[in-house]
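Enquirer: My file is work-v2.cif. It has mmCIF, C-alpha atoms and all ligand atoms:
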data_query
loop_
_atom_site.label_atom_id
_atom_site.label_comp_id
_atom_site.auth_asym_id
_atom_site.auth_seq_id
_atom_site.Cartn_x
_atom_site.Cartn_y
_atom_site.Cartn_z
CA MET A 8 12.04 2.20 7.08
CA GLY A 9 12.06 -1.37 5.81
CA VAL A 10 13.37 -4.48 7.56
CA PRO A 11 16.28 -5.01 8.04
CA THR A 12 16.42 -1.41 9.23
CA LEU A 13 19.66 0.33 8.31
CA GLY A 14 22.30 0.01 11.02
CA CYS A 15 20.15 -2.26 13.22
CA HIS A 16 21.34 -5.61 14.52
CA CYS A 17 18.26 -6.77 16.42
CA ALA A 18 17.06 -10.38 16.17
CA VAL A 19 14.43 -9.54 13.52
CA CYS A 20 16.80 -7.47 11.36
CA GLU A 21 19.31 -10.33 11.51
CA SER A 22 16.72 -13.09 11.08
CA ALA A 23 17.35 -15.65 8.32
CA ASP A 24 13.59 -16.06 7.73
CA PRO A 25 12.77 -14.46 4.32
CA ARG A 26 9.44 -13.32 5.80
CA ASP A 27 11.40 -10.99 8.08
CA LYS A 28 12.70 -9.07 5.03
CA ARG A 29 10.19 -6.28 4.50
CA THR A 30 10.26 -3.75 1.68
CA ARG A 31 8.01 -0.71 1.93
CA PRO A 32 4.22 -1.33 1.80
CA SER A 33 2.36 -1.69 -1.48
CA ILE A 34 -0.04 -4.14 -3.09
CA LEU A 35 -0.68 -5.26 -6.65
CA LEU A 36 -4.18 -6.07 -7.85
CA ALA A 37 -4.03 -8.23 -10.97
CA TYR A 38 -7.34 -8.91 -12.72
CA GLY A 39 -8.61 -9.22 -16.27
CA GLY A 40 -5.08 -8.91 -17.63
CA ARG A 41 -4.62 -5.55 -15.87
CA ASN A 42 -2.14 -4.59 -13.15
CA VAL A 43 -3.16 -1.93 -10.66
CA VAL A 44 -0.68 -0.95 -7.97
CA ILE A 45 -1.52 0.81 -4.74
CA ASP A 46 1.41 3.14 -3.94
CA THR A 47 4.82 3.28 -5.62
CA THR A 48 7.26 2.77 -2.78
CA PRO A 49 11.02 3.48 -2.91
CA ASP A 50 11.22 -0.31 -3.54
CA PHE A 51 8.74 -0.20 -6.46
CA ARG A 52 11.26 -1.23 -9.12
CA PHE A 53 12.41 -4.26 -7.13
CA GLN A 54 8.84 -5.19 -6.17
CA ALA A 55 7.59 -4.97 -9.77
CA MET A 56 10.49 -7.16 -10.92
CA ARG A 57 9.86 -9.66 -8.17
CA ALA A 58 6.16 -9.83 -9.09
CA GLY A 59 7.15 -10.17 -12.75
CA ILE A 60 4.72 -7.54 -14.00
CA ASP A 61 5.00 -6.79 -17.71
CA ARG A 62 2.56 -3.90 -17.75
CA LEU A 63 1.21 -1.26 -15.40
CA ASP A 64 -2.35 -0.05 -15.96
CA ALA A 65 -2.89 2.34 -13.05
CA VAL A 66 -1.42 3.57 -9.78
CA ILE A 67 -3.59 4.51 -6.81
CA PHE A 68 -2.08 6.48 -3.94
CA THR A 69 -3.05 6.26 -0.29
CA HIS A 70 -1.19 9.42 0.76
CA GLY A 71 1.91 11.43 0.03
CA HIS A 72 4.51 10.11 2.47
CA ALA A 73 7.93 9.23 1.06
CA ASP A 74 7.60 5.48 1.72
CA HIS A 75 4.48 5.41 -0.49
CA ILE A 76 5.38 7.65 -3.43
CA LEU A 77 9.13 7.75 -4.05
CA GLY A 78 9.17 4.95 -6.64
CA LEU A 79 6.98 6.90 -9.08
CA ASP A 80 9.91 7.72 -11.38
CA ASP A 81 10.36 3.99 -12.03
CA ILE A 82 7.11 3.70 -14.00
CA ARG A 83 9.00 5.07 -17.06
CA PRO A 84 9.77 1.66 -18.62
CA PHE A 85 6.03 0.95 -18.66
CA ASN A 86 5.37 4.32 -20.35
CA LEU A 87 7.86 3.39 -23.05
CA LYS A 88 6.65 -0.19 -23.47
CA GLN A 89 2.96 0.76 -23.46
CA ARG A 90 3.57 3.97 -25.46
CA GLY A 91 1.41 6.05 -23.20
CA ALA A 92 0.66 7.62 -19.85
CA VAL A 93 -0.25 5.61 -16.75
CA PRO A 94 -3.41 6.81 -14.98
CA ILE A 95 -2.78 7.99 -11.43
CA TYR A 96 -5.54 8.19 -8.83
CA ALA A 97 -5.13 10.16 -5.59
CA ALA A 98 -6.95 12.58 -3.32
CA ALA A 99 -6.40 16.27 -4.06
CA ASP A 100 -3.99 16.77 -1.12
CA THR A 101 -1.85 13.82 -2.27
CA LEU A 102 -1.81 15.08 -5.88
CA ALA A 103 -0.51 18.42 -4.54
CA ILE A 104 2.33 16.58 -2.78
CA LEU A 105 3.16 14.63 -5.96
CA LYS A 106 3.31 17.89 -7.91
CA ARG A 107 5.74 19.31 -5.36
CA GLN A 108 7.95 16.25 -4.86
CA PHE A 109 8.08 15.39 -8.57
CA SER A 110 7.93 18.90 -10.06
CA TYR A 111 10.03 17.81 -13.07
CA ILE A 112 7.24 15.43 -14.14
CA PHE A 113 5.03 18.44 -14.69
CA GLU A 114 7.61 20.37 -16.68
CA GLU A 115 8.80 19.89 -20.24
CA ALA A 116 11.24 16.96 -20.55
CA GLN A 117 14.63 17.72 -22.02
CA PRO A 118 14.56 16.41 -25.61
CA GLY A 119 15.81 12.84 -25.81
CA THR A 120 15.11 12.08 -22.14
CA THR A 121 12.18 10.42 -20.41
CA ILE A 122 10.08 11.54 -17.49
CA PRO A 123 7.12 9.60 -16.10
CA LEU A 124 3.99 10.10 -18.19
CA ILE A 125 0.93 10.22 -15.98
CA ASP A 126 -2.76 11.08 -16.31
CA LEU A 127 -4.01 12.57 -13.07
CA HIS A 128 -7.38 11.62 -11.62
CA THR A 129 -8.62 13.19 -8.40
CA ILE A 130 -10.36 10.76 -6.08
CA ASP A 131 -13.54 12.33 -4.73
CA GLY A 132 -15.66 9.20 -4.32
CA PRO A 133 -15.89 5.59 -5.54
CA PHE A 134 -14.47 5.00 -9.02
CA ASP A 135 -14.40 2.17 -11.55
CA LEU A 136 -11.17 0.81 -12.94
CA PHE A 137 -11.17 -1.91 -15.60
CA GLY A 138 -14.45 -3.33 -14.33
CA ALA A 139 -13.69 -3.23 -10.60
CA ARG A 140 -15.20 -0.69 -8.22
CA PHE A 141 -12.79 1.05 -5.82
CA VAL A 142 -14.38 2.56 -2.74
CA PRO A 143 -12.11 5.05 -0.96
CA ILE A 144 -12.03 4.65 2.82
CA SER A 145 -11.06 7.85 4.66
CA ALA A 146 -8.97 7.47 7.78
CA ILE A 147 -6.73 9.58 10.00
CA HIS A 148 -2.92 9.19 9.91
CA GLY A 149 -1.80 11.24 12.90
CA THR A 150 -2.71 14.78 11.87
CA GLN A 151 -3.32 14.10 8.18
CA PRO A 152 -5.87 12.26 6.07
CA VAL A 153 -5.13 8.94 4.37
CA LEU A 154 -7.17 6.80 2.01
CA GLY A 155 -7.71 3.08 2.15
CA PHE A 156 -9.56 1.22 -0.59
CA ARG A 157 -12.22 -1.43 -0.66
CA VAL A 158 -12.56 -3.56 -3.78
CA GLY A 159 -15.26 -6.24 -3.59
CA LYS A 160 -14.63 -8.29 -0.47
CA MET A 161 -11.09 -7.00 0.06
CA ALA A 162 -9.94 -3.81 1.74
CA TYR A 163 -6.47 -2.28 2.08
CA LEU A 164 -5.96 0.29 4.81
CA THR A 165 -2.41 1.24 5.70
CA ASP A 166 -0.96 4.15 7.69
CA PHE A 167 -3.83 4.99 9.98
CA SER A 168 -4.15 5.90 13.63
CA GLU A 169 -7.92 6.24 13.67
CA VAL A 170 -10.84 5.04 11.55
CA PRO A 171 -13.99 7.20 11.70
CA GLU A 172 -17.36 5.48 12.21
CA SER A 173 -18.48 6.51 8.70
CA SER A 174 -15.54 4.57 7.26
CA LYS A 175 -16.10 1.54 9.49
CA ALA A 176 -19.56 1.36 7.96
CA LEU A 177 -17.89 0.68 4.58
CA LEU A 178 -15.78 -2.18 5.92
CA GLY A 179 -18.39 -4.79 6.83
CA GLY A 180 -18.60 -8.28 5.30
CA LEU A 181 -14.97 -8.44 4.19
CA ASP A 182 -13.21 -11.67 3.26
CA ASP A 183 -9.75 -10.11 3.49
CA PHE A 184 -8.77 -6.98 5.38
CA ILE A 185 -5.17 -5.79 4.98
CA LEU A 186 -4.35 -3.23 7.64
CA ASP A 187 -1.60 -1.27 9.34
CA ALA A 188 -0.07 -2.77 12.51
CA LEU A 189 3.30 -1.09 12.93
CA ARG A 190 4.37 -2.49 16.31
CA TYR A 191 3.20 -3.21 19.88
CA VAL A 192 4.26 0.17 21.32
CA PRO A 193 1.88 3.11 20.70
CA HIS A 194 2.78 5.43 17.82
CA PRO A 195 1.28 8.87 17.05
CA THR A 196 0.43 8.09 13.40
CA HIS A 197 0.13 4.30 13.15
CA SER A 198 -2.10 1.57 14.49
CA THR A 199 -0.58 -0.92 16.92
CA VAL A 200 -1.16 -4.68 17.03
CA GLU A 201 -3.60 -4.19 19.92
CA GLN A 202 -5.53 -1.38 18.18
CA SER A 203 -5.72 -3.31 14.91
CA LEU A 204 -6.94 -6.44 16.71
CA ALA A 205 -9.69 -4.34 18.30
CA LEU A 206 -10.70 -3.02 14.88
CA ILE A 207 -10.73 -6.56 13.46
CA ALA A 208 -12.91 -7.72 16.35
CA GLU A 209 -15.32 -4.90 15.55
CA LEU A 210 -15.44 -5.33 11.75
CA LYS A 211 -15.22 -9.14 11.72
CA PRO A 212 -13.50 -9.82 8.38
CA LYS A 213 -13.01 -13.53 7.57
CA ARG A 214 -9.26 -12.97 7.42
CA ALA A 215 -7.02 -10.06 8.38
CA TRP A 216 -3.46 -9.37 7.30
CA PHE A 217 -1.11 -6.98 9.07
CA THR A 218 1.14 -4.74 7.01
CA HIS A 219 3.55 -1.78 7.51
CA ILE A 220 5.21 -3.92 10.19
CA CYS A 221 8.45 -2.66 11.74
CA HIS A 222 11.33 -4.68 13.16
CA ASP A 223 9.69 -4.97 16.58
CA LEU A 224 7.70 -7.94 15.22
CA GLY A 225 9.36 -11.17 14.17
CA HIS A 226 7.22 -13.10 11.69
CA VAL A 227 7.00 -16.45 13.48
CA GLU A 228 6.93 -15.09 17.03
CA ALA A 229 4.31 -12.42 16.38
CA ASN A 230 2.08 -14.78 14.37
CA ALA A 231 2.11 -17.30 17.24
CA LYS A 232 0.45 -14.71 19.49
CA LEU A 233 -2.32 -13.79 17.03
CA PRO A 234 -5.75 -15.35 16.54
CA GLU A 235 -5.84 -17.94 13.74
CA HIS A 236 -7.63 -15.65 11.26
CA VAL A 237 -5.15 -12.79 11.73
CA ARG A 238 -1.70 -13.16 10.15
CA LEU A 239 1.30 -11.00 9.47
CA SER A 240 1.60 -10.44 5.75
CA TYR A 241 5.00 -10.75 4.13
CA ASP A 242 6.74 -9.69 0.95
CA GLY A 243 5.50 -11.66 -2.02
CA LEU A 244 2.35 -12.92 -0.27
CA GLN A 245 -0.40 -13.64 -2.83
CA PHE A 246 -4.05 -14.60 -2.49
CA GLU A 247 -7.23 -14.47 -4.51
CA VAL A 248 -10.08 -12.14 -3.65
CA GLU A 249 -13.59 -11.67 -4.97
CA LEU A 250 -13.78 -8.33 -6.79
ZN ZN A 301 16.10 -4.18 13.94
ZN ZN A 302 2.42 7.53 6.10
ZN ZN A 303 3.93 4.50 5.48
#
Go through the file and emit its structure as structure tokens.
Expert:
Amino acid sequence: MGVPTLGCHCAVCESADPRDKRTRPSILLAYGGRNVVIDTTPDFRFQAMRAGIDRLDAVIFTHGHADHILGLDDIRPFNLKQRGAVPIYAAADTLAILKRQFSYIFEEAQPGTTIPLIDLHTIDGPFDLFGARFVPISAIHGTQPVLGFRVGKMAYLTDFSEVPESSKALLGGLDDFILDALRYVPHPTHSTVEQSLALIAELKPKRAWFTHICHDLGHVEANAKLPEHVRLSYDGLQFEVEL
């Protein structure tokens, strides 16, 4: 829902700390002059402006929920500037959702108007993008599947409630693990702080970063209770990873 959450006046929603202002979850991988975004959130336009990206080379989707896809229409300026389609990578079930939610993208544009130009790629295993290898990590998000991605020594896994053993086997030896930790209270489709800490203890990444955090967690307070190598991420956080 984002923090501040609409209509809420809790301490975190009213916090003056900029790290308590959370747009919807997405990451940008910038390497070799390329910009690859994982998910286009409803805040995509603002996030891309804030990051100052001048081009968009690919979008990879984790799943088809509104908070991860609704910014797709805002890739149009990059289509115009780059004079071409942006490659989109997603699992078949997510592509089906995109086709339903954005049906106009798959129809003829009215002359003189713009619609997003995309090249669809179905994820059915690891794939290479501009010299980096993306390994999809299957997980369970309540009753539906979700994909995380490992690139080199970094992995991004949001919106999960359960990680199968076969996927855990792909998450060893990480330097940085970015993972869902919605809140302290159990949730049917998301990992809690306690569950994510247990997963971190099992997989032993050098560093772990929580994401998809709701207003139950204040940045400073929640960080103070976590082990040193586990931190809450925040909007605009940047770090280097080995691809
Ligand atoms: Zn609140
Ligand atoms: Zn979701
Ligand atoms: Zn989500």
Enquirer: Got a sec: who's within 8 Å of segment 26-35 of chain A, counting all atoms listed in the file, leaving out chain neighbours fewer than 3 positions off, as a ChimeraX atom specification?
Expert: /A:8-11,19-20,22-23,42-50,74-75,218-220,225-226,241-242
Enquirer: So that each row is one residue of chain A with an atom at most 8 Å from ligand ZN 302 (chain A), can you give its shortest atom pair and the distance in Å to one decimal, using all atoms listed in the file, rows by chain and rising number, as JSON lines?
Expert:
{"residue": "A:His70", "atom": "CA", "partner": "A:ZN302", "partner_atom": "ZN", "distance": 6.7}
{"residue": "A:Gly71", "atom": "CA", "partner": "A:ZN302", "partner_atom": "ZN", "distance": 7.2}
{"residue": "A:His72", "atom": "CA", "partner": "A:ZN302", "partner_atom": "ZN", "distance": 4.9}
{"residue": "A:Ala73", "atom": "CA", "partner": "A:ZN302", "partner_atom": "ZN", "distance": 7.7}
{"residue": "A:Asp74", "atom": "CA", "partner": "A:ZN302", "partner_atom": "ZN", "distance": 7.1}
{"residue": "A:His75", "atom": "CA", "partner": "A:ZN302", "partner_atom": "ZN", "distance": 7.2}
{"residue": "A:His148", "atom": "CA", "partner": "A:ZN302", "partner_atom": "ZN", "distance": 6.8}
{"residue": "A:Val153", "atom": "CA", "partner": "A:ZN302", "partner_atom": "ZN", "distance": 7.9}
{"residue": "A:Thr165", "atom": "CA", "partner": "A:ZN302", "partner_atom": "ZN", "distance": 7.9}
{"residue": "A:Asp166", "atom": "CA", "partner": "A:ZN302", "partner_atom": "ZN", "distance": 5.0}
{"residue": "A:Phe167", "atom": "CA", "partner": "A:ZN302", "partner_atom": "ZN", "distance": 7.8}
{"residue": "A:Thr196", "atom": "CA", "partner": "A:ZN302", "partner_atom": "ZN", "distance": 7.6}
Enquirer: Which of these, A:Leu87, A:Ala205, A:Ile76, A:Leu13, has the shortest distance to Thr101 of chain A once you count all atoms listed in the file?
Expert: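 Using all atoms listed in the file, the shortest distance to Thr101 of chain A belongs to A:Ile76.
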Enquirer: Given the choices A:Cys17, A:Leu178, A:Leu206, A:Ala188, which gets closest to ligand ZN 301 (chain A) if the distance is worked out from all atoms listed in the file?
Expert: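 Answer, going by the shortest atom-to-atom distance: A:Cys17.
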Enquirer: Please, which residues are within 8 Å of (5.1, -1.0, 18.3) by the file's coordinates, counting only C-alpha atoms, and could they come as a PyMOL selection string?
Expert: chain A and resi 188-194+199-200+221+223
Enquirer: Please report the interatomic distance between atom CA of Gly149 of chain A and atom CA of Ser168 of chain A in Å with one decimal.
Expert: 5.9 Å
Enquirer: Find the residues near Ile112 of chain A: any atom within 7 Å, counting all atoms listed in the file, skip ones fewer than 2 places away on the same chain, and give them as a ChimeraX atom specification.
Expert: /A:109-110,114,122-123
Enquirer: Excluding Tyr163 of chain A and residues on its chain fewer than 3 positions from it, collect all residues at most 9 Å away from it, counting all atoms listed in the file, and give them as a list in words.
Expert: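 Counting only the stated atoms, we get Ile34, Ile45, Ile144, Gly155, Phe156, Arg157, Val158, Asp183, Phe184, Ile185, Leu186 and Asp187 of chain A.
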Enquirer: Would you kindly place all heavy atoms on segment 29-40 of chain A and return the model as an mmCIF file, in the frame of the given file?
Expert:
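So the final result, stored in selection04.cif, reads:
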data_model
loop_
_atom_site.group_PDB
_atom_site.id
_atom_site.type_symbol
_atom_site.label_atom_id
_atom_site.label_comp_id
_atom_site.auth_asym_id
_atom_site.auth_seq_id
_atom_site.Cartn_x
_atom_site.Cartn_y
_atom_site.Cartn_z
ATOM 1 N N ARG A 29 11.382 -7.049 4.893
ATOM 2 C CA ARG A 29 10.190 -6.280 4.500
ATOM 3 C C ARG A 29 10.558 -5.036 3.716
ATOM 4 O O ARG A 29 11.198 -4.125 4.244
ATOM 5 C CB ARG A 29 9.398 -5.880 5.754
ATOM 6 C CG ARG A 29 8.978 -7.089 6.585
ATOM 7 C CD ARG A 29 8.186 -6.702 7.824
ATOM 8 N NE ARG A 29 7.929 -7.905 8.610
ATOM 9 C CZ ARG A 29 8.249 -8.063 9.890
ATOM 10 N NH1 ARG A 29 8.802 -7.071 10.567
ATOM 11 N NH2 ARG A 29 7.989 -9.203 10.505
ATOM 12 N N THR A 30 10.130 -4.985 2.449
ATOM 13 C CA THR A 30 10.260 -3.750 1.680
ATOM 14 C C THR A 30 9.085 -2.853 2.079
ATOM 15 O O THR A 30 8.222 -3.242 2.867
ATOM 16 C CB THR A 30 10.267 -4.027 0.171
ATOM 17 O OG1 THR A 30 9.074 -4.731 -0.172
ATOM 18 C CG2 THR A 30 11.485 -4.852 -0.225
ATOM 19 N N ARG A 31 9.038 -1.663 1.527
ATOM 20 C CA ARG A 31 8.010 -0.710 1.930
ATOM 21 C C ARG A 31 6.638 -1.125 1.373
ATOM 22 O O ARG A 31 6.546 -1.787 0.346
ATOM 23 C CB ARG A 31 8.380 0.706 1.490
ATOM 24 C CG ARG A 31 9.175 1.468 2.549
ATOM 25 C CD ARG A 31 10.447 0.811 3.048
ATOM 26 N NE ARG A 31 11.522 0.802 2.078
ATOM 27 C CZ ARG A 31 12.403 1.791 1.909
ATOM 28 N NH1 ARG A 31 12.369 2.844 2.683
ATOM 29 N NH2 ARG A 31 13.360 1.712 1.005
ATOM 30 N N PRO A 32 5.542 -0.737 2.072
ATOM 31 C CA PRO A 32 4.220 -1.330 1.800
ATOM 32 C C PRO A 32 3.541 -0.890 0.506
ATOM 33 O O PRO A 32 3.446 0.296 0.195
ATOM 34 C CB PRO A 32 3.382 -0.905 3.004
ATOM 35 C CG PRO A 32 4.082 0.242 3.602
ATOM 36 C CD PRO A 32 5.514 0.188 3.202
ATOM 37 N N SER A 33 3.059 -1.888 -0.220
ATOM 38 C CA SER A 33 2.360 -1.690 -1.480
ATOM 39 C C SER A 33 1.641 -2.982 -1.803
ATOM 40 O O SER A 33 2.052 -4.042 -1.348
ATOM 41 C CB SER A 33 3.414 -1.390 -2.561
ATOM 42 O OG SER A 33 2.859 -1.429 -3.854
ATOM 43 N N ILE A 34 0.556 -2.906 -2.582
ATOM 44 C CA ILE A 34 -0.040 -4.140 -3.090
ATOM 45 C C ILE A 34 -0.314 -4.009 -4.579
ATOM 46 O O ILE A 34 -0.473 -2.904 -5.113
ATOM 47 C CB ILE A 34 -1.336 -4.561 -2.345
ATOM 48 C CG1 ILE A 34 -2.445 -3.524 -2.497
ATOM 49 C CG2 ILE A 34 -1.064 -4.860 -0.888
ATOM 50 C CD1 ILE A 34 -3.812 -4.061 -2.047
ATOM 51 N N LEU A 35 -0.357 -5.169 -5.225
ATOM 52 C CA LEU A 35 -0.680 -5.260 -6.650
ATOM 53 C C LEU A 35 -1.999 -6.000 -6.776
ATOM 54 O O LEU A 35 -2.175 -7.076 -6.205
ATOM 55 C CB LEU A 35 0.422 -6.057 -7.363
ATOM 56 C CG LEU A 35 0.094 -6.580 -8.770
ATOM 57 C CD1 LEU A 35 -0.042 -5.432 -9.763
ATOM 58 C CD2 LEU A 35 1.179 -7.553 -9.240
ATOM 59 N N LEU A 36 -2.928 -5.390 -7.526
ATOM 60 C CA LEU A 36 -4.180 -6.070 -7.850
ATOM 61 C C LEU A 36 -4.108 -6.449 -9.319
ATOM 62 O O LEU A 36 -4.014 -5.567 -10.184
ATOM 63 C CB LEU A 36 -5.372 -5.131 -7.604
ATOM 64 C CG LEU A 36 -5.657 -4.823 -6.137
ATOM 65 C CD1 LEU A 36 -6.470 -3.550 -6.006
ATOM 66 C CD2 LEU A 36 -6.391 -5.984 -5.496
ATOM 67 N N ALA A 37 -4.111 -7.743 -9.588
ATOM 68 C CA ALA A 37 -4.030 -8.230 -10.970
ATOM 69 C C ALA A 37 -5.350 -8.891 -11.311
ATOM 70 O O ALA A 37 -5.758 -9.854 -10.656
ATOM 71 C CB ALA A 37 -2.867 -9.213 -11.098
ATOM 72 N N TYR A 38 -6.039 -8.344 -12.323
ATOM 73 C CA TYR A 38 -7.340 -8.910 -12.720
ATOM 74 C C TYR A 38 -7.627 -8.545 -14.165
ATOM 75 O O TYR A 38 -7.280 -7.455 -14.615
ATOM 76 C CB TYR A 38 -8.456 -8.415 -11.784
ATOM 77 C CG TYR A 38 -8.652 -6.913 -11.733
ATOM 78 C CD1 TYR A 38 -9.639 -6.290 -12.500
ATOM 79 C CD2 TYR A 38 -7.833 -6.117 -10.935
ATOM 80 C CE1 TYR A 38 -9.812 -4.905 -12.470
ATOM 81 C CE2 TYR A 38 -7.993 -4.738 -10.906
ATOM 82 C CZ TYR A 38 -8.984 -4.142 -11.669
ATOM 83 O OH TYR A 38 -9.140 -2.775 -11.645
ATOM 84 N N GLY A 39 -8.239 -9.479 -14.873
ATOM 85 C CA GLY A 39 -8.610 -9.220 -16.270
ATOM 86 C C GLY A 39 -7.435 -8.787 -17.129
ATOM 87 O O GLY A 39 -7.602 -7.968 -18.035
ATOM 88 N N GLY A 40 -6.250 -9.282 -16.839
ATOM 89 C CA GLY A 40 -5.080 -8.910 -17.630
ATOM 90 C C GLY A 40 -4.517 -7.536 -17.290
ATOM 91 O O GLY A 40 -3.613 -7.042 -17.960
#
